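Scroll down for the structure; my scribbles are underneath it.
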Amino acid sequence: MPELAPLLTFARLTIWEASRRKLLIAVVVLTVVVIAVTGWVFTQLRYQNGPSGGPLVGEVQLRLLASQLLIFTVFLFAGVLSLMAVLVAAPSISADVESNLVLAMLARPVRRSELVLGKWLGLAALVVMYATGAGVLELLVVDWATGYVPPQPVQLVVYVAAMGLVLVTLTLLLSTRLAGMTAAIIPLIAYFMGWVGGILGGIGHALGIQALSTTGVISQLLLPTDGLWRGAIYSMEPAAVIAGLRAAGTVGAANPFAATDGPAPAFLAWTVVWFAAMVALTLWSFRRREI
Amino acid sequence: MVDLQERQAAAATAAASPAIHCVELTKHYGRTVALAGLTMTVPRGEVFGFLGPNGAGKTTAVKLLLGLIEPTGGEGWVLGQRIGEVVVRRRVGYLPELFRYQPWLRAGEVLRLHCELARLPRATWTAEIARVLDLAGIADRAGHLVRTYSKGMQQRLGLAAALLGTPELVFLDEPTSALDPVGRYDVRQVIHHLRERGTAVFLNSHLLTEVEMVCDRVAMVDHGRVIATGTLDELLGGQACRVRASGLDAGQRRSLSSFGQVEDDGEWIVVRGLQPEGVPDLVAEIVRMGGRVYAVEPRHQTLEDRFLQLLGEGHA
């Protein structure tokens, strides 16, 4: 059984490495710049005057617009987070094995499982820290600029963080066997395919094409990122938007930036099972790896 | 009370057990045989040289003994515990052949990490790190990032890490591969220091002169098998004398076997097992038979001679 102390040592080492390699500072600076730019965009909406001299958009319209713009902005952040998660996790185990760095560490009284779980925990902490920090800051800026706060801000941050965690988990599994570059490309392609799969599923659902619907469901089960992204969208949509989408009927389901319903409890339960299965597979894969 | 007695009995068994004992330890990588049944015993407190040409399975043996990889067959015990047991690694130090440490850490931080992983009491870390940095000769560079270290410096850092926590057994896998002559001398001093402290050292090397200088006992491996093992005296088989002489026919040269085992390459005659006091008699005999002597070199057989001889026998 893995013990907690060495596991936490490896987790701390992973976070330490990210900060020493100036990755954290680069990501934080870029994120703050992007948030500042989106803040400027949102203020333009609010304070731009129309032809009559009054505000270009009214308060209700402004909130609706803000809610839609926020969805695009969060999509951008989720993309950055996913990319970062993959790029940091991909060399995490493979580079240490290739450079023989693991030899000296694993010759200590530690288990391979402690190294794997520690690295996962460290990477997960980085993802959660980024999702929370960037999410809260962005929501505060949007609130300050437009007065709009999405209906379920906590769920939003949880869903976006979970997307990052899915990618970290899949990438770490691949990193036990594949070189950094390959271990990064596969999850990124899977991420985009999952997104496209979700759109196809939506179209299939809207048009009643069973094969496409099934494709969407299968892609969500294989990689739950798109299902979680739907959850993030749902938590950002004001009641009026949801009502409008529902009124539009099945057509609303085909929009990749809209969601008529939150994720089903069965899907969320599956996501938990997916995490457990991937981590178990990672432990098994690294235990059998020759070093 | 029974519990205490059991613990004491277990401790006594552990202390009496050899540093390393393995029986038919085997490792296959697919169809490649890296180690083909390693059987040997390394006593506690000795410096044990593990010699072999490249690809003989030396590093594989070390990785198996440390539990870094799983054997395909056979069994082994390190410090009285089965190989692969996590706890035994608390009492073992290891300098890998292909050493590498986190380039983004400072040397002192690498050692702190290893103190933490080795589960040393936190209160001892600072003194322990200062001690091993000093032993490895890099105390003045402890605050520098590992990425600024030369290869030799990194090997010294690896040596320092292997010495942390007063281990009972230290594996050094080609410990001088990146070091200059001064570095090699320093490593020999460290090995002497470990021997004085009663630490067993398992030295993997193909640098035979180095092994000859520090080891009490050696095992020679080739193609994943031990081809000879013993103390240096046992392996080298005593003295030898080399004579360059002309004017003797083949029969006369063969007749010198009364002095010892004769090897004759046409120019030089090597007589093994000849004590130094027998050398004048050998020369007198050659002269008596009408031979002309140009050079006489009484000497030890070197480990290299013996090693090449054994490899030759193995391949014949």
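The way I read the labels, and the way they are meant: chains A, B, ... in the order of the structure tokens, residue 1 as the first residue of every chain, and ligand 1 as the first ligand shown, with later ones counted on from there.
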Dump as JSON, numbers by chain the residues of chain A that approach chain B to within 10 Å, counting only C-alpha atoms. {"A": [5, 6, 7, 9, 10, 13, 16, 17, 18, 19, 20, 21, 96, 99, 100, 101, 102, 103, 104, 105, 106, 107, 108, 109, 110, 111, 112, 287, 288, 289, 290, 291]}
From a DSSP pass on the backbone, collect the residues of stretch 35-219 of chain B flagged as helix (DSSP H, G or I) and hand them back as number ranges by chain. B: 58-66, 87-91, 107-117, 122-136, 139-141, 146-148, 151-163, 181-197, 208-214
Need to verify the contact set: A:Ala36, 12 Å, only C-alpha atoms, exclusion of same-chain residues closer than 3 positions in sequence. Can you return it as an mmCIF file with C-alpha atoms, in the first residue's frame?
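Contents of the output file selection23.cif:
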data_model
loop_
_atom_site.group_PDB
_atom_site.id
_atom_site.type_symbol
_atom_site.label_atom_id
_atom_site.label_comp_id
_atom_site.auth_asym_id
_atom_site.auth_seq_id
_atom_site.Cartn_x
_atom_site.Cartn_y
_atom_site.Cartn_z
ATOM 1 C CA VAL A 29 1.477 36.701 -16.209
ATOM 2 C CA LEU A 30 -0.190 35.661 -19.486
ATOM 3 C CA THR A 31 -3.457 34.854 -17.735
ATOM 4 C CA VAL A 32 -3.548 38.219 -15.985
ATOM 5 C CA VAL A 33 -2.938 39.940 -19.344
ATOM 6 C CA GLY A 39 -12.156 43.218 -18.782
ATOM 7 C CA TRP A 40 -11.487 46.016 -21.255
ATOM 8 C CA VAL A 41 -13.776 44.344 -23.833
ATOM 9 C CA PHE A 42 -16.581 44.030 -21.292
ATOM 10 C CA THR A 43 -16.270 47.700 -20.260
ATOM 11 C CA THR A 73 -13.782 33.544 -22.684
ATOM 12 C CA ALA A 134 -8.028 32.376 -13.179
ATOM 13 C CA LEU A 137 -10.302 36.625 -11.126
ATOM 14 C CA GLU A 138 -12.156 36.543 -14.456
ATOM 15 C CA LEU A 139 -15.559 36.418 -12.735
ATOM 16 C CA LEU A 140 -14.616 39.346 -10.493
ATOM 17 C CA VAL A 141 -13.495 41.382 -13.515
ATOM 18 C CA VAL A 142 -16.704 40.597 -15.445
ATOM 19 C CA TRP A 144 -16.884 44.765 -12.020
ATOM 20 C CA ALA A 145 -17.187 45.601 -15.737
#
Report, in Å with one decimal, the straight-line distance from atom CA of A:Phe72 to atom CA of A:Pro153. 15.3 Å
